[in-house]
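Structure first, then comments.
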Amino acid sequence: MSPTSVHRTAAVALATVAGVLGWLALRAAGADLEADTTSVGAADVVVASLVAGVAAWVTASLLERHAPRPRTSWTLLSSTVLSASMLGPIYSAPDLTAVALMGLHLVVGGVLVGGLASTLPYRRSASEPQQDRVLAR
């Protein structure tokens, strides 16, 4: 595995662990995590974190190949998606539960945004081919 792959794998794993630790802390504090009458369990947090992590990894890889400024593009796109993910808890859970679930989103998303950003270059090298220009004609 390349150092970049190792770092990205670690970012996805850490995001998942951080999500579970956040879930455990909320449960220990007595939070009742229910969204749309469905209880949110540790397995739900693990699956959601891994799915988000893999999607983030694929997106970061695509931006690395096709964006002129991969790190800037990643930061803008991923923080926008993280913001949009807050709509789920807002509309599917009551007041304090929504705040708790939004906190879990921020924990997992924050680790993914920062962890994957650090693997991306600020600019794509001038010697790399312009693969994204194929559809420009």
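Order determines the names: the first chain of the structure tokens is A, the second B, and so forth; residues in each chain are numbered 1 upward, and ligands are numbered 1 upward as they are shown.
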Quiz item: Which residues come within 8 Å of Ala100 (chain A), counting only C-alpha atoms, excluding same-chain residues fewer than 5 positions away, as a PyMOL selection string?
Solution: chain A and resi 26+31+33
Output N, CA and C atoms of each residue in that selection to a file, as a compact mmCIF listing (two decimals), in the first residue's frame.
```
# COMPACT_ATOMS: atom_id res chain seq x y z
N LEU A 26 -22.66 9.65 24.21
CA LEU A 26 -24.05 10.11 24.24
C LEU A 26 -24.94 9.13 25.01
N ALA A 31 -28.57 9.95 26.57
CA ALA A 31 -29.28 10.38 25.35
C ALA A 31 -30.02 9.20 24.74
N LEU A 33 -31.18 8.01 21.46
CA LEU A 33 -30.95 8.30 20.05
C LEU A 33 -31.95 7.57 19.17
```
So that I can see what lies close to Asp44 (chain A), please list as a compact mmCIF listing (two decimals) with N, CA and C atoms, in the first residue's frame the residues with an atom at most 12 Å from it, counting only C-alpha atoms and leaving out residues fewer than 3 positions away in the same chain.
```
# COMPACT_ATOMS: atom_id res chain seq x y z
N THR A 16 -14.60 6.24 11.92
CA THR A 16 -15.53 5.22 12.42
C THR A 16 -15.39 5.06 13.93
N GLY A 19 -16.84 8.05 15.68
CA GLY A 19 -18.30 7.99 15.69
C GLY A 19 -18.83 7.06 16.77
N VAL A 20 -18.22 5.91 16.90
CA VAL A 20 -18.65 4.95 17.93
C VAL A 20 -18.38 5.50 19.33
N TRP A 23 -20.98 8.02 20.02
CA TRP A 23 -22.24 7.32 20.32
C TRP A 23 -22.22 6.80 21.76
N LEU A 33 -31.18 8.01 21.46
CA LEU A 33 -30.95 8.30 20.05
C LEU A 33 -31.95 7.57 19.17
N GLU A 34 -33.02 8.27 18.85
CA GLU A 34 -34.04 7.71 17.95
C GLU A 34 -34.31 8.69 16.83
N ALA A 35 -34.38 8.16 15.63
CA ALA A 35 -34.72 8.96 14.46
C ALA A 35 -35.85 8.24 13.73
N THR A 38 -36.92 4.87 15.02
CA THR A 38 -35.92 3.81 14.93
C THR A 38 -34.75 4.19 15.82
N SER A 39 -34.34 3.28 16.67
CA SER A 39 -33.22 3.53 17.56
C SER A 39 -31.91 3.46 16.77
N VAL A 40 -31.03 4.43 17.01
CA VAL A 40 -29.73 4.47 16.35
C VAL A 40 -28.74 3.73 17.24
N GLY A 41 -28.24 2.60 16.76
CA GLY A 41 -27.31 1.79 17.54
C GLY A 41 -25.88 1.93 17.05
N VAL A 47 -21.75 1.42 10.24
CA VAL A 47 -22.10 1.29 8.82
C VAL A 47 -22.13 2.66 8.14
N ALA A 48 -22.79 3.63 8.78
CA ALA A 48 -22.88 4.97 8.19
C ALA A 48 -21.50 5.61 8.06
N SER A 49 -20.65 5.42 9.05
CA SER A 49 -19.31 5.98 9.01
C SER A 49 -18.47 5.36 7.90
N LEU A 50 -18.57 4.05 7.75
CA LEU A 50 -17.81 3.36 6.71
C LEU A 50 -18.30 3.74 5.31
N VAL A 51 -19.60 3.82 5.14
CA VAL A 51 -20.15 4.23 3.83
C VAL A 51 -19.71 5.65 3.50
N LEU A 101 -27.44 13.80 17.30
CA LEU A 101 -27.12 13.16 16.02
C LEU A 101 -26.29 14.08 15.12
N LEU A 104 -22.78 13.75 16.15
CA LEU A 104 -22.14 12.56 15.58
C LEU A 104 -21.73 12.82 14.13
```
Quiz item: From the set A:Ser79, A:Thr4, A:Ser92, A:Thr9, which residue has the shortest atom-to-atom contact distance to Ser118 (chain A), counting only C-alpha atoms?
Solution: A:Thr4
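Pairwise distance (CA of Leu63 (chain A), CA of Ala13 (chain A)) equals 21.0 Å.
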Self-check item: Selection near Ala15 (chain A), 9 Å with only C-alpha atoms, sequence-local residues under 3 positions removed, as a PyMOL selection string
Solution: chain A and resi 10-12+18-20+49-50+53+107-112+115
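The space separating CA of Val17 (chain A) from CA of Arg65 (chain A) comes to 28.7 Å.
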Quiz prompt | Spatial neighbours of Arg69 (chain A), 10 Å, only C-alpha atoms, chain gap at least 2 places, as JSON, numbers by chain | solution = {"A": [63, 64, 65, 66, 67, 71, 72, 73, 74, 120, 121, 122, 123, 124, 125]}
Print the selection's residues with C-alpha atoms to a file, as a PDB file, in the first residue's frame.
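Output contents, as saved in out17.pdb:
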```pdb
ATOM      1  CA  LEU A  63     -10.540  15.316  -7.206  1.00  0.00           C
ATOM      2  CA  GLU A  64      -6.861  14.400  -6.953  1.00  0.00           C
ATOM      3  CA  ARG A  65      -6.907  13.335 -10.609  1.00  0.00           C
ATOM      4  CA  HIS A  66      -9.201  15.935 -12.130  1.00  0.00           C
ATOM      5  CA  ALA A  67      -9.249  19.141 -10.070  1.00  0.00           C
ATOM      6  CA  ARG A  71      -7.191  20.146  -1.554  1.00  0.00           C
ATOM      7  CA  THR A  72      -9.227  23.327  -1.962  1.00  0.00           C
ATOM      8  CA  SER A  73     -11.862  21.520  -4.029  1.00  0.00           C
ATOM      9  CA  TRP A  74     -12.044  18.728  -1.446  1.00  0.00           C
ATOM     10  CA  LEU A 120      -4.301  15.825  -1.202  1.00  0.00           C
ATOM     11  CA  PRO A 121      -1.862  18.184  -2.908  1.00  0.00           C
ATOM     12  CA  TYR A 122      -2.640  21.893  -3.024  1.00  0.00           C
ATOM     13  CA  ARG A 123      -2.141  21.918  -6.789  1.00  0.00           C
ATOM     14  CA  ARG A 124      -1.974  19.207  -9.383  1.00  0.00           C
ATOM     15  CA  SER A 125       1.463  18.929 -10.937  1.00  0.00           C
TER      16      SER A 125
END
```
